[in-house]
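Colleague: There's a structure below that I have some questions on.
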Amino acid sequence: MHAPSVLVPAFVKAVRDNTEASFRSIMAEPIPGIYTFEMLQPRFCEMLLSEVENFERWVHDTRFRIMRPNTMNKFGAVLDDFGLETMLDKLMNDFIRPISKVFFPEVGGSTLDSHHGFVVEYGMDRDVELGFHVDDSEVTLNVCLGREFSGGELFFRGVRCDKHVNTETQSEEILDYSHVPGYAVLHRGRHRHGARATTSGSRVNLLVWCRSSVFRELKKYQKECSSWCAECQREKKERQCISIAATKQELLKRIGNTSS
């Protein structure tokens, strides 16, 4: 991967400076834990789209059966299946992991060591929308490659562990995001989200699910609530408030008994 040909200069510089300040200088954080920034060069987006089209034509002409990106998307391709695994490994190791180390340390951001990279396609003759879900990743990179389209907004609804994945969304957790070609969204895999219907045209996105074997192994032995799950933290805070209130009542009772 030749970074200057693939990535916009500001993004390359921010990662090379490798500080929280340099990362934040190129990013927006519309709600906590969601980071958006310009990332891919327009020429590279065109080249990747062309390569995917070539692969799909070959699949069609040879009637070869391929594995689709995941259980929810019926259109798209796994990029590792036709030669892009090394490039995506370098993208994760040299660019995504340094950022994740700063912003997602509690979910293994500093120990990302494998990925699942794919493109998804949306349009009238493709997948139209994507239902509410979480990703099989610790950190997800989602970059719009382009085409002309309307609709297709991402919607986010808070970070949850397995226990709380279906719990109610709080007002401060609601975010709708409109895709811009070349721009990326970086978020925890457990940040609940979906994609609204693409109402016209065609939208293609690059997804890289980044995983940490260290985090997944440690997670097996975790007994307490998750520090990164908003609902776990709400429950913990509620228990603390109840405990403090009970302690106050007990103290007041003792003071009253002493006075009498």
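Residues are referred to by chain and number: the chain letter is A, B, ... according to the order shown in the structure tokens, the number counts from 1 in that chain, and ligands are numbered separately from 1 in the order shown.
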Determine, counting only C-alpha atoms, which protein, DNA and RNA residues have an atom within 6 Å of an atom of segment 182-193 of chain A; residues of the same chain fewer than 2 positions away are not included. Present the result as a list in words.

Modeller: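 Final neighbour list, sorted by chain and number: Ile34, Tyr35, Thr36, Phe37, Glu38, Met39, Leu40, Phe132, His133, Val134, Asp135, Ser137, Glu138, Val139, Thr140, Leu141, Asn142, Val143, Cys144, Leu145, Phe155, Phe156, Arg157, Gly158, Val159, Arg160 and Val180 of chain A.
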
Colleague: Name the residues in contact with Lys101 of chain A at a cut-off of 12 Å, using only C-alpha atoms, excluding same-chain residues fewer than 3 positions from it; report them as a list in words.

Modeller: Val15, Asn18, Thr19, Glu20, Phe23, Met92, Asn93, Asp94, Phe95, Ile96, Arg97, Pro98, Phe104, Pro105, Glu106, Val107, Gly108, Gly109, Ser110, Thr111, Leu112, Glu138, Val139 and Ser212 of chain A

Colleague: Just list as an MDAnalysis selection string whatever in segment 53-217 of chain A DSSP marks as alpha helix (DSSP H).

Modeller: chainID A and resid 53:62 85:91 97:103 213:217

Colleague: Can I get the selected residues back with N, CA, C and O atoms, as a short mmCIF file (atom, residue, chain, number, x, y, z; two decimals), in the first residue's frame?

Modeller:
data_model
loop_
_atom_site.label_atom_id
_atom_site.label_comp_id
_atom_site.auth_asym_id
_atom_site.auth_seq_id
_atom_site.Cartn_x
_atom_site.Cartn_y
_atom_site.Cartn_z
N GLU A 53 -15.68 -4.32 -9.46
CA GLU A 53 -16.50 -4.61 -10.64
C GLU A 53 -15.87 -5.70 -11.50
O GLU A 53 -16.57 -6.59 -12.01
N ASN A 54 -14.57 -5.64 -11.68
CA ASN A 54 -13.87 -6.68 -12.45
C ASN A 54 -14.06 -8.05 -11.81
O ASN A 54 -14.31 -9.05 -12.50
N PHE A 55 -13.93 -8.09 -10.49
CA PHE A 55 -14.09 -9.35 -9.77
C PHE A 55 -15.52 -9.88 -9.93
O PHE A 55 -15.74 -11.07 -10.17
N GLU A 56 -16.50 -8.98 -9.81
CA GLU A 56 -17.90 -9.42 -9.92
C GLU A 56 -18.23 -9.90 -11.33
O GLU A 56 -19.01 -10.84 -11.51
N ARG A 57 -17.63 -9.26 -12.35
CA ARG A 57 -17.84 -9.74 -13.72
C ARG A 57 -17.27 -11.14 -13.89
O ARG A 57 -17.88 -12.00 -14.53
N TRP A 58 -16.09 -11.34 -13.33
CA TRP A 58 -15.48 -12.67 -13.41
C TRP A 58 -16.34 -13.72 -12.70
O TRP A 58 -16.55 -14.83 -13.21
N VAL A 59 -16.87 -13.36 -11.52
CA VAL A 59 -17.75 -14.27 -10.78
C VAL A 59 -18.97 -14.62 -11.63
O VAL A 59 -19.38 -15.78 -11.72
N HIS A 60 -19.55 -13.60 -12.29
CA HIS A 60 -20.74 -13.82 -13.12
C HIS A 60 -20.42 -14.68 -14.34
O HIS A 60 -21.14 -15.64 -14.65
N ASP A 61 -19.31 -14.36 -15.02
CA ASP A 61 -18.96 -15.07 -16.25
C ASP A 61 -18.59 -16.52 -15.99
O ASP A 61 -18.89 -17.40 -16.81
N THR A 62 -17.92 -16.78 -14.88
CA THR A 62 -17.49 -18.15 -14.58
C THR A 62 -18.52 -18.91 -13.76
O THR A 62 -18.35 -20.11 -13.51
N GLU A 85 -5.63 -8.61 0.93
CA GLU A 85 -5.43 -8.89 2.35
C GLU A 85 -4.21 -8.15 2.91
O GLU A 85 -4.27 -7.55 3.97
N THR A 86 -3.08 -8.19 2.18
CA THR A 86 -1.86 -7.54 2.66
C THR A 86 -2.04 -6.03 2.79
O THR A 86 -1.59 -5.42 3.77
N MET A 87 -2.72 -5.43 1.82
CA MET A 87 -2.96 -3.99 1.87
C MET A 87 -3.81 -3.62 3.09
O MET A 87 -3.50 -2.65 3.80
N LEU A 88 -4.86 -4.40 3.34
CA LEU A 88 -5.73 -4.09 4.46
C LEU A 88 -5.04 -4.35 5.80
O LEU A 88 -5.31 -3.66 6.79
N ASP A 89 -4.15 -5.34 5.84
CA ASP A 89 -3.36 -5.58 7.05
C ASP A 89 -2.51 -4.35 7.37
O ASP A 89 -2.43 -3.91 8.52
N LYS A 90 -1.88 -3.80 6.35
CA LYS A 90 -1.04 -2.61 6.55
C LYS A 90 -1.90 -1.41 6.95
O LYS A 90 -1.50 -0.62 7.81
N LEU A 91 -3.07 -1.29 6.34
CA LEU A 91 -3.98 -0.20 6.70
C LEU A 91 -4.36 -0.29 8.17
O LEU A 91 -4.36 0.71 8.89
N ARG A 97 -4.87 1.07 13.90
CA ARG A 97 -4.47 0.70 15.26
C ARG A 97 -3.91 1.87 16.07
O ARG A 97 -4.28 2.02 17.25
N PRO A 98 -3.06 2.75 15.50
CA PRO A 98 -2.60 3.89 16.30
C PRO A 98 -3.74 4.79 16.79
O PRO A 98 -3.70 5.28 17.92
N ILE A 99 -4.76 4.98 15.94
CA ILE A 99 -5.92 5.79 16.35
C ILE A 99 -6.73 5.05 17.40
O ILE A 99 -7.16 5.63 18.41
N SER A 100 -6.94 3.76 17.19
CA SER A 100 -7.75 2.95 18.12
C SER A 100 -7.08 2.83 19.48
O SER A 100 -7.75 2.73 20.51
N LYS A 101 -5.75 2.84 19.49
CA LYS A 101 -5.01 2.78 20.76
C LYS A 101 -5.37 3.98 21.64
O LYS A 101 -5.46 3.85 22.86
N VAL A 102 -5.59 5.13 21.00
CA VAL A 102 -5.92 6.36 21.74
C VAL A 102 -7.39 6.42 22.11
O VAL A 102 -7.74 6.73 23.26
N PHE A 103 -8.27 6.08 21.16
CA PHE A 103 -9.70 6.31 21.37
C PHE A 103 -10.49 5.09 21.85
O PHE A 103 -11.56 5.24 22.43
N SER A 213 -7.36 -10.48 19.31
CA SER A 213 -7.43 -11.80 19.94
C SER A 213 -7.17 -11.68 21.45
O SER A 213 -7.73 -12.46 22.24
N VAL A 214 -6.35 -10.72 21.85
CA VAL A 214 -6.07 -10.52 23.28
C VAL A 214 -7.34 -10.09 24.01
O VAL A 214 -7.70 -10.64 25.06
N PHE A 215 -8.05 -9.09 23.46
CA PHE A 215 -9.28 -8.61 24.08
C PHE A 215 -10.32 -9.73 24.17
O PHE A 215 -10.99 -9.89 25.19
N ARG A 216 -10.44 -10.51 23.10
CA ARG A 216 -11.45 -11.58 23.09
C ARG A 216 -11.13 -12.67 24.10
O ARG A 216 -12.05 -13.25 24.70
N GLU A 217 -9.85 -12.95 24.31
CA GLU A 217 -9.47 -13.95 25.31
C GLU A 217 -9.74 -13.43 26.72
O GLU A 217 -10.31 -14.14 27.56
#

Colleague: Work out how far apart atom CA of Ala14 of chain A and atom CA of Glu173 of chain A are and give it in Å to one decimal.

Modeller: 27.5 Å

Colleague: Set the distance at 8 Å and use only C-alpha atoms: which residues neighbour segment 196-202 of chain A once local chain neighbours fewer than 6 positions away are removed? I'd like the list as a ChimeraX atom specification.

Modeller: /A:121-124,128-130,147-155
